[in-house]
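Here's protein-v5.txt, which has compact mmCIF, C-alpha atoms:
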# COMPACT_ATOMS: atom_id res chain seq x y z
CA MET H 25 19.95 -64.46 64.06
CA LEU H 26 17.51 -62.53 61.88
CA HIS H 27 16.27 -63.96 58.56
CA PHE H 28 14.53 -61.15 56.73
CA GLU H 29 12.29 -61.69 53.70
CA PRO H 30 10.79 -58.72 51.83
CA LYS H 31 7.21 -59.88 52.40
CA GLN H 32 7.72 -59.65 56.15
CA PRO H 33 7.31 -56.19 57.70
CA TRP H 34 10.06 -55.02 60.00
CA TYR H 35 7.79 -54.79 63.03
CA ASP H 36 7.43 -58.60 63.03
CA PHE H 37 10.95 -58.78 64.44
CA LEU H 38 10.81 -56.06 67.07
CA GLY H 39 9.41 -56.53 70.54
CA ASP H 40 6.78 -54.09 71.75
CA GLU H 41 6.66 -53.00 75.34
CA HIS H 42 3.94 -50.54 76.21
CA GLY H 43 3.93 -49.26 72.65
CA CYS H 44 7.72 -48.88 72.44
CA LEU H 45 9.81 -50.96 70.03
CA GLN H 46 12.66 -52.82 71.75
CA PRO H 47 16.28 -52.90 70.45
CA LEU H 48 17.80 -56.16 69.15
CA HIS H 49 20.86 -56.10 71.41
CA SER H 50 21.74 -59.77 70.93
CA LEU H 51 21.55 -59.87 67.12
CA GLU H 52 24.70 -61.44 65.61
CA LEU H 53 23.69 -62.35 62.05
CA PHE H 54 21.41 -60.50 59.64
CA THR H 55 20.40 -62.34 56.44
CA LEU H 56 18.40 -60.65 53.71
CA CYS H 57 16.68 -62.84 51.12
CA SER H 58 15.60 -61.36 47.80
CA PRO H 59 16.48 -62.51 44.27
CA SER H 60 16.33 -59.01 42.83
CA CYS H 61 17.66 -56.89 45.68
CA PHE H 62 21.02 -56.30 44.02
CA GLU H 63 19.62 -55.12 40.69
CA SER H 64 18.22 -51.84 41.97
CA PRO H 65 17.36 -50.27 45.34
CA PRO H 66 14.37 -52.31 46.58
CA ILE H 67 11.14 -50.70 47.73
CA PHE H 68 11.46 -52.40 51.11
CA ALA H 69 14.83 -50.84 51.93
CA ASP H 70 13.22 -48.42 54.38
CA TYR H 71 12.31 -51.48 56.46
CA ILE H 72 15.99 -52.35 56.68
CA VAL H 73 16.97 -48.86 57.76
CA THR H 74 14.35 -49.07 60.50
CA LEU H 75 15.74 -52.42 61.66
CA LEU H 76 19.25 -50.97 61.72
CA ARG H 77 18.12 -48.35 64.18
CA TYR H 78 17.09 -51.07 66.59
CA TYR H 79 20.29 -53.05 66.88
CA PRO H 80 22.66 -50.35 68.12
CA ASP H 81 25.29 -52.75 69.46
CA ARG H 82 26.26 -53.97 66.01
CA GLU H 83 29.66 -52.94 64.66
CA GLU H 84 29.07 -54.16 61.10
CA PRO H 85 25.84 -52.74 59.63
CA LEU H 86 24.06 -53.89 56.50
CA ASN H 87 22.21 -51.62 54.09
CA PHE H 88 21.68 -50.86 50.42
CA GLY H 89 23.39 -48.53 47.98
CA CYS H 90 20.99 -45.61 47.72
CA PRO H 91 22.76 -42.53 49.14
CA GLU H 92 20.01 -41.72 51.63
CA TRP H 93 20.07 -45.21 53.11
CA ILE H 94 23.86 -45.22 53.36
CA ARG H 95 23.71 -41.83 55.04
CA ASP H 96 21.18 -43.11 57.59
CA SER H 97 23.16 -46.26 58.30
CA VAL H 98 26.36 -44.29 58.87
CA ALA H 99 24.46 -41.97 61.19
CA TYR H 100 23.10 -44.89 63.21
CA HIS H 101 26.44 -46.78 63.29
CA PRO H 102 29.28 -44.24 63.27
CA PHE H 103 31.64 -46.56 65.17
CA VAL H 104 31.67 -49.38 62.64
CA GLU H 105 35.14 -50.93 62.34
CA GLU H 106 34.73 -53.51 59.56
CA LEU H 107 32.84 -52.90 56.38
CA HIS H 108 32.11 -54.83 53.16
CA PHE H 109 30.71 -52.15 50.87
CA TYR H 110 29.08 -52.98 47.52
CA VAL H 111 28.70 -49.75 45.56
CA TYR H 112 25.47 -49.41 43.61
CA SER H 113 25.39 -45.64 43.80
CA ILE H 114 28.60 -43.66 43.31
CA GLU H 115 27.34 -40.80 45.49
CA SER H 116 27.01 -43.12 48.47
CA ILE H 117 30.81 -43.49 48.73
CA ALA H 118 31.17 -40.00 50.19
CA TYR H 119 29.40 -41.02 53.41
CA LEU H 120 32.24 -43.39 54.29
CA SER H 121 34.30 -40.37 55.35
CA SER H 122 32.23 -40.22 58.55
CA LEU H 123 33.37 -43.66 59.71
CA ARG H 124 36.29 -42.54 61.83
CA ASN H 125 36.70 -45.92 63.57
CA LEU H 126 36.89 -47.92 60.35
CA VAL H 127 39.98 -50.14 60.08
CA PHE H 128 38.77 -52.73 57.53
CA LEU H 129 37.26 -51.72 54.19
CA ASP H 130 36.33 -54.07 51.34
CA LEU H 131 34.86 -51.97 48.53
CA ARG H 132 33.44 -53.37 45.30
CA ALA H 133 32.03 -51.14 42.62
CA GLY H 134 28.99 -52.67 40.96
CA VAL H 135 28.32 -49.61 38.84
CA GLU H 136 29.88 -48.05 35.79
CA GLY H 137 31.17 -44.54 36.19
CA ASP H 138 34.15 -42.65 37.54
CA LEU H 139 34.27 -42.99 41.30
CA SER H 140 38.02 -42.42 41.59
CA VAL H 141 37.78 -38.82 42.83
CA LEU H 142 35.22 -39.64 45.51
CA PHE H 143 37.15 -42.70 46.64
CA CYS H 144 40.40 -40.71 46.83
CA ASN H 145 38.65 -38.07 48.92
CA VAL H 146 37.32 -40.72 51.30
CA LEU H 147 40.78 -42.24 51.75
CA LYS H 148 42.18 -38.76 52.34
CA ASP H 149 39.85 -38.59 55.36
CA ILE H 150 40.09 -42.14 56.73
CA GLY H 151 43.14 -43.65 55.01
CA LEU H 152 45.52 -43.29 57.95
CA GLN H 153 43.27 -45.30 60.25
CA LEU H 154 42.80 -48.18 57.79
CA LYS H 155 44.76 -51.37 58.35
CA TYR H 156 43.00 -53.57 55.80
CA LEU H 157 41.90 -52.35 52.38
CA SER H 158 40.48 -54.31 49.46
CA PHE H 159 38.87 -52.82 46.38
CA PHE H 160 37.46 -53.84 43.02
CA ILE H 161 37.13 -50.86 40.67
CA ARG H 162 36.50 -50.73 36.93
CA CYS H 163 37.22 -47.10 36.17
CA PRO H 164 40.78 -45.79 35.62
CA ILE H 165 42.45 -44.71 38.88
CA ASP H 166 45.68 -43.10 40.01
CA LEU H 167 46.84 -45.70 42.50
CA SER H 168 49.60 -43.46 43.82
CA VAL H 169 47.06 -40.80 44.88
CA LEU H 170 44.58 -43.36 46.13
CA LEU H 171 47.07 -44.92 48.54
CA GLN H 172 49.07 -41.86 49.52
CA ASN H 173 47.22 -41.54 52.86
CA CYS H 174 47.16 -45.24 53.69
CA HIS H 175 50.60 -45.64 55.26
CA ASN H 176 49.39 -47.94 58.05
CA LEU H 177 47.96 -50.70 55.85
CA GLU H 178 48.75 -54.25 56.91
CA ALA H 179 46.76 -55.92 54.13
CA LEU H 180 46.02 -54.65 50.62
CA LYS H 181 44.07 -56.27 47.81
CA ILE H 182 43.85 -54.59 44.40
CA CYS H 183 41.37 -55.80 41.80
CA ALA H 184 41.75 -53.21 39.07
CA SER H 185 43.35 -53.17 35.66
CA ARG H 186 42.88 -49.61 34.40
CA PHE H 187 45.26 -47.02 35.78
CA THR H 188 46.02 -43.44 34.88
CA GLU H 189 49.55 -42.13 34.88
CA PHE H 190 50.78 -42.07 38.47
CA ALA H 191 51.23 -38.58 39.91
CA LYS H 192 53.58 -39.81 42.62
CA PRO H 193 56.65 -42.00 42.04
CA VAL H 194 56.23 -44.31 45.05
CA VAL H 195 53.80 -45.37 47.77
CA ARG H 196 55.42 -46.35 51.07
CA LEU H 197 53.65 -49.08 53.04
CA PRO H 198 56.06 -50.08 55.84
CA ASN H 199 53.50 -52.18 57.77
CA LEU H 200 52.19 -54.19 54.83
CA LYS H 201 52.10 -57.94 55.53
CA HIS H 202 49.57 -59.22 52.98
CA LEU H 203 49.56 -58.14 49.33
CA THR H 204 47.13 -59.39 46.71
CA TYR H 205 47.00 -58.13 43.15
CA HIS H 206 44.67 -59.29 40.35
CA GLY H 207 46.14 -58.53 36.98
CA SER H 208 44.64 -58.71 33.51
CA GLN H 209 45.67 -59.02 29.90
CA ASN H 210 46.95 -55.44 29.78
CA ARG H 211 49.82 -56.37 32.14
CA ALA H 212 49.22 -53.36 34.39
CA GLU H 213 51.33 -55.04 37.08
CA ARG H 214 54.35 -53.65 35.23
CA GLN H 215 53.09 -50.23 36.31
CA VAL H 216 51.68 -51.20 39.72
CA LEU H 217 54.32 -53.35 41.44
CA PRO H 218 57.24 -50.89 41.03
CA LEU H 219 55.08 -48.24 42.70
CA PHE H 220 55.43 -49.89 46.10
CA SER H 221 58.26 -48.88 48.39
CA ASN H 222 59.44 -49.78 51.89
CA CYS H 223 57.27 -52.92 51.98
CA ASN H 224 59.74 -54.87 54.09
CA SER H 225 57.31 -56.77 56.31
CA LEU H 226 55.48 -58.83 53.68
CA ARG H 227 54.42 -62.28 54.90
CA GLU H 228 52.03 -63.29 52.11
CA MET H 229 51.92 -62.40 48.42
CA PHE H 230 49.13 -63.45 46.07
CA LEU H 231 49.60 -62.47 42.42
CA VAL H 232 46.92 -63.58 39.95
CA ASN H 233 47.07 -63.23 36.15
CA THR H 234 50.33 -61.28 36.30
CA VAL H 235 52.12 -62.29 33.12
CA GLY H 236 53.84 -58.90 33.27
CA PHE H 237 55.54 -59.89 36.53
CA ASP H 238 58.83 -60.81 34.88
CA ASP H 239 62.52 -60.60 35.78
CA ILE H 240 62.66 -56.85 35.13
CA ILE H 241 59.66 -56.05 37.35
CA LEU H 242 60.99 -58.34 40.08
CA ASP H 243 64.30 -56.45 39.99
CA LYS H 244 62.49 -53.12 40.28
CA PHE H 245 60.34 -54.37 43.15
CA LEU H 246 63.34 -55.67 45.08
CA ARG H 247 65.19 -52.36 44.75
CA SER H 248 62.59 -50.68 46.94
CA ASN H 249 61.18 -53.57 48.98
CA SER H 250 62.34 -56.66 50.82
CA LEU H 251 60.90 -60.18 50.64
CA SER H 252 63.12 -61.48 53.44
CA ASN H 253 60.09 -62.11 55.69
CA LEU H 254 57.85 -63.68 53.05
CA LYS H 255 56.33 -66.99 54.20
CA VAL H 256 53.68 -67.75 51.57
CA ALA H 257 53.57 -67.02 47.83
CA TYR H 258 50.78 -67.76 45.38
CA ILE H 259 51.56 -66.78 41.80
CA LYS H 260 49.08 -67.69 39.09
CA ARG H 261 50.74 -67.01 35.73
CA CYS H 262 53.83 -64.84 35.63
CA GLY H 263 56.68 -64.01 33.27
CA LEU H 264 59.63 -65.06 35.44
CA THR H 265 62.44 -67.01 33.79
CA ARG H 266 64.89 -69.38 35.47
CA ARG H 267 67.02 -66.37 36.39
CA GLY H 268 63.97 -64.62 37.86
CA PHE H 269 62.96 -67.59 39.98
CA ARG H 270 66.53 -67.96 41.23
CA LYS H 271 66.55 -64.33 42.32
CA PHE H 272 63.11 -64.71 43.88
CA PHE H 273 64.21 -67.67 46.00
CA LEU H 274 67.52 -66.05 46.97
CA ASN H 275 65.56 -63.09 48.30
CA THR H 276 62.94 -65.13 50.19
CA PRO H 277 64.96 -67.13 52.77
CA GLU H 278 61.91 -67.57 55.06
CA LEU H 279 59.58 -68.78 52.31
CA GLU H 280 57.76 -71.93 53.43
CA LYS H 281 55.13 -72.55 50.75
CA ILE H 282 54.78 -71.48 47.14
CA GLU H 283 52.11 -72.33 44.60
CA ILE H 284 52.69 -71.33 40.99
CA GLY H 285 49.98 -71.78 38.39
CA CYS H 286 50.03 -71.54 34.62
CA PHE H 287 48.20 -72.76 31.54
CA TYR H 288 47.99 -76.55 31.51
CA LYS H 289 50.18 -76.97 28.43
CA GLU H 290 52.97 -75.06 30.21
CA LYS H 291 52.67 -76.90 33.51
CA HIS H 292 55.50 -79.44 33.15
CA LYS H 293 57.92 -76.87 31.73
CA LEU H 294 57.19 -74.46 34.57
CA GLU H 295 57.55 -77.14 37.25
CA ARG H 296 60.95 -78.15 35.90
CA LEU H 297 61.99 -74.50 35.85
CA VAL H 298 60.95 -73.84 39.44
CA LYS H 299 62.36 -77.09 40.80
CA THR H 300 65.69 -76.33 39.14
CA ALA H 301 65.74 -72.85 40.71
CA LEU H 302 64.87 -74.32 44.12
CA ARG H 303 67.67 -76.86 43.83
CA GLU H 304 70.22 -74.33 42.62
CA THR H 305 69.46 -71.99 45.53
CA ASN H 306 69.23 -74.84 48.03
CA HIS H 307 65.81 -73.56 49.06
CA LYS H 308 63.55 -75.68 51.27
CA ALA H 309 60.19 -74.15 50.34
CA LEU H 310 57.40 -76.60 49.52
CA PHE H 311 56.36 -76.14 45.90
CA ASN H 312 52.94 -76.98 44.40
CA LYS H 313 51.94 -79.36 47.19
CA ASN H 314 48.38 -77.97 47.30
CA LEU H 315 49.25 -76.31 50.60
CA VAL H 316 48.30 -72.87 49.29
CA ARG H 317 44.97 -72.14 47.64
CA PHE H 318 43.59 -68.84 46.47
CA GLY H 319 40.95 -69.28 49.14
CA ASP H 320 43.74 -68.79 51.69
CA GLU H 321 44.12 -65.18 50.60
CA PHE H 322 43.68 -62.80 53.54
CA PHE H 323 40.44 -61.10 52.52
CA LEU H 324 38.76 -64.30 51.37
CA LYS H 325 39.37 -65.81 54.78
CA LYS H 326 37.96 -62.78 56.51
CA ARG H 327 34.38 -63.13 57.61
CA SER H 328 32.22 -60.12 58.31
CA CYS H 329 28.71 -58.76 57.86
CA LYS H 330 28.09 -57.05 54.52
CA PHE H 331 27.03 -53.45 54.09
CA TYR H 332 25.40 -52.66 50.76
Take the structure in the file and write it out as structure tokens.
Amino acid sequence: MLHFEPKQPWYDFLGDEHGCLQPLHSLELFTLCSPSCFESPPIFADYIVTLLRYYPDREEPLNFGCPEWIRDSVAYHPFVEELHFYVYSIESIAYLSSLRNLVFLDLRAGVEGDLSVLFCNVLKDIGLQLKYLSFFIRCPIDLSVLLQNCHNLEALKICASRFTEFAKPVVRLPNLKHLTYHGSQNRAERQVLPLFSNCNSLREMFLVNTVGFDDIILDKFLRSNSLSNLKVAYIKRCGLTRRGFRKFFLNTPELEKIEIGCFYKEKHKLERLVKTALRETNHKALFNKNLVRFGDEFFLKKRSCKFY
């Protein structure tokens, strides 16, 4: 374990044998402590790059968002497989294209600006190898282009609410098992959910703030996808009616647990609605028993080193 504070020079942590710095082969956890390190690239970041050079066995590097530092980290750790990437410089995204062993990418954009073209180009290079993709992006994106090279995804988390018109009619994700979508007041889920096709292996679905997920959107989704393998559903605010819930349960025979949230004043009405649909379809799923929390979502459960 390495606990790094800015006032400590990097050479305090590296052994010296006959004037040669020794690698940190056994390092498993790297913690950086600085209250202001996320506001702008810190002056001590070159220390971190130096430290990265001396633990070559790591698969999950940590660094900051300045393009040069990202470039150096990628050069030192080209075989990284899991990456949590906080974007503080749009230009730094391009260096991800060199990570040809990457299978897990969690990208969060902490900057304003259009990074959609760069991100699309990166996924054009490494999309096929990715199995797990999560992203939080503020700028408008064409989701159909972004995901067109990600056919092997097993888990996908979308935290975005601004989308351009989709250039492609569908995105086929035949291996997808975990789907999470964060909606917003603009009800973009009405555009996003019908885009998916051939998602017949879904095991978990987490939909948050998706008031636009109504009977019509459910019908469209089921025309191109199957929920027959779904085990867990977490839906926080949706637009489904009694008919919609009936159809949902009739199409999820393997569903074991479902948690449905809403505004407090609507809680009792919603619970009656769902319980009626469960009874009418003779479904055995456990409903609102606190067995499913948002913290159970795939990417929130995943633990990995962070790469800034």
Find the spatial neighbours of Cys183 of chain H, counting all atoms listed in the file, within a cut-off of 8 Å - ignore same-chain residues fewer than 5 positions away - and output them as a PDB file with C-alpha atoms, in the coordinates of the input.
ATOM      1  CA  SER H 158      40.480 -54.310  49.460  1.00  0.00           C
ATOM      2  CA  PHE H 159      38.870 -52.820  46.380  1.00  0.00           C
ATOM      3  CA  PHE H 160      37.460 -53.840  43.020  1.00  0.00           C
ATOM      4  CA  ILE H 161      37.130 -50.860  40.670  1.00  0.00           C
ATOM      5  CA  TYR H 205      47.000 -58.130  43.150  1.00  0.00           C
ATOM      6  CA  HIS H 206      44.670 -59.290  40.350  1.00  0.00           C
ATOM      7  CA  GLY H 207      46.140 -58.530  36.980  1.00  0.00           C
TER       8      GLY H 207
END
Original post:
Suppose you want the space between atom CA of Ala191 of chain H and atom CA of Ile259 of chain H; what is it in Å?
Top reply: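 Those two atoms sit 28.3 Å apart.
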Original post:
Could you pull the residues within 10 Å of Lys255 of chain H, counting all atoms listed in the file, minus those fewer than 6 positions along the same chain, as a PyMOL selection string?
Top reply: chain H and resi 226-229+276-282+309
Subject >> From H:Asn306, H:Gln172, H:Asn145, H:Gln209, residue lying nearest Ile117 of chain H [all atoms listed in the file] >> reply: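 Smallest distance to Ile117 of chain H is found for H:Asn145.
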**OP:** Considering all atoms listed in the file, return as a PyMOL selection string whatever protein or nucleic-acid residues lie within 7 Å of Cys144 of chain H, sequence-local ones (same chain, fewer than 3 positions apart) excluded.
**Re:** chain H and resi 140-141+147-148+169-170
**OP:** Please indicate the distance in Å from atom CA of Pro102 of chain H to atom CA of Ser122 of chain H, rounded to one decimal place.
**Re:**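 Distance between the two atoms: 6.9 Å.
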Original post:
What gap, in Å, lies between atom CA of Ser116 of chain H and atom CA of Arg162 of chain H?
Top reply: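 Value for the atom CA of Ser116 of chain H-atom CA of Arg162 of chain H distance: 16.8 Å.
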Original post:
Got a sec: who's within 9 Å of Lys155 of chain H, counting only C-alpha atoms, leaving out chain neighbours fewer than 4 positions off, as a list in words?
Top reply: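 Residues meeting the cut-off are Leu126, Val127, Phe128, Leu129, Gly151, Cys174, His175, Asn176, Leu177, Glu178, Ala179, Leu180, Asn199 and Leu200 of chain H.
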Original post:
Counting all atoms listed in the file, which of H:Leu203, H:Val195, H:Leu297, H:Ile240 gets nearest to Ser225 of chain H?
Top reply: H:Leu203
**OP:** Determine the nearest neighbour of Asn125 of chain H from the options H:Val104, H:Leu139, H:Val298, H:Cys286, counting only C-alpha atoms.
**Re:**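 Among the listed residues, H:Val104 lies closest to Asn125 of chain H.
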For Leu142 of chain H: contacts at 8 Å, all atoms listed in the file, fewer than 4 positions along chain excluded, given as a PDB file with C-alpha atoms, in the coordinates of the input:
ATOM      1  CA  GLU H 115      27.340 -40.800  45.490  1.00  0.00           C
ATOM      2  CA  ILE H 117      30.810 -43.490  48.730  1.00  0.00           C
ATOM      3  CA  ALA H 118      31.170 -40.000  50.190  1.00  0.00           C
ATOM      4  CA  VAL H 146      37.320 -40.720  51.300  1.00  0.00           C
TER       5      VAL H 146
END
Subject >> Residues within 6 Å of (28.1, -53.3, 47.9), file coords, all atoms listed in the file, listed as number ranges by chain >> reply: H: 109-111, 132, 332
Expected file contents, prior selection, C-alpha atoms, as a compact mmCIF listing (two decimals), keeping the file's coordinate frame:
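Result saved to part_21.txt:
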# COMPACT_ATOMS: atom_id res chain seq x y z
CA PHE H 109 30.71 -52.15 50.87
CA TYR H 110 29.08 -52.98 47.52
CA VAL H 111 28.70 -49.75 45.56
CA ARG H 132 33.44 -53.37 45.30
CA TYR H 332 25.40 -52.66 50.76
Original post:
Using only C-alpha atoms, which of the listed residues (H:Leu123, H:Cys223, H:Pro193, H:Arg214) sits closest to Asp239 of chain H?
Top reply: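 That would be H:Arg214, the residue with the smallest distance to Asp239 of chain H.
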Find the smallest box with edges along x, y and z containing every listed atom of segment 311-326 of chain H, then add 8 Å on each side and report centre and edge lengths in Å to one decimal, as lines of an AutoDock Vina configuration file.
center_x = 47.2
center_y = -70.2
center_z = 50.5
size_x = 34.4
size_y = 34.3
size_z = 28.1
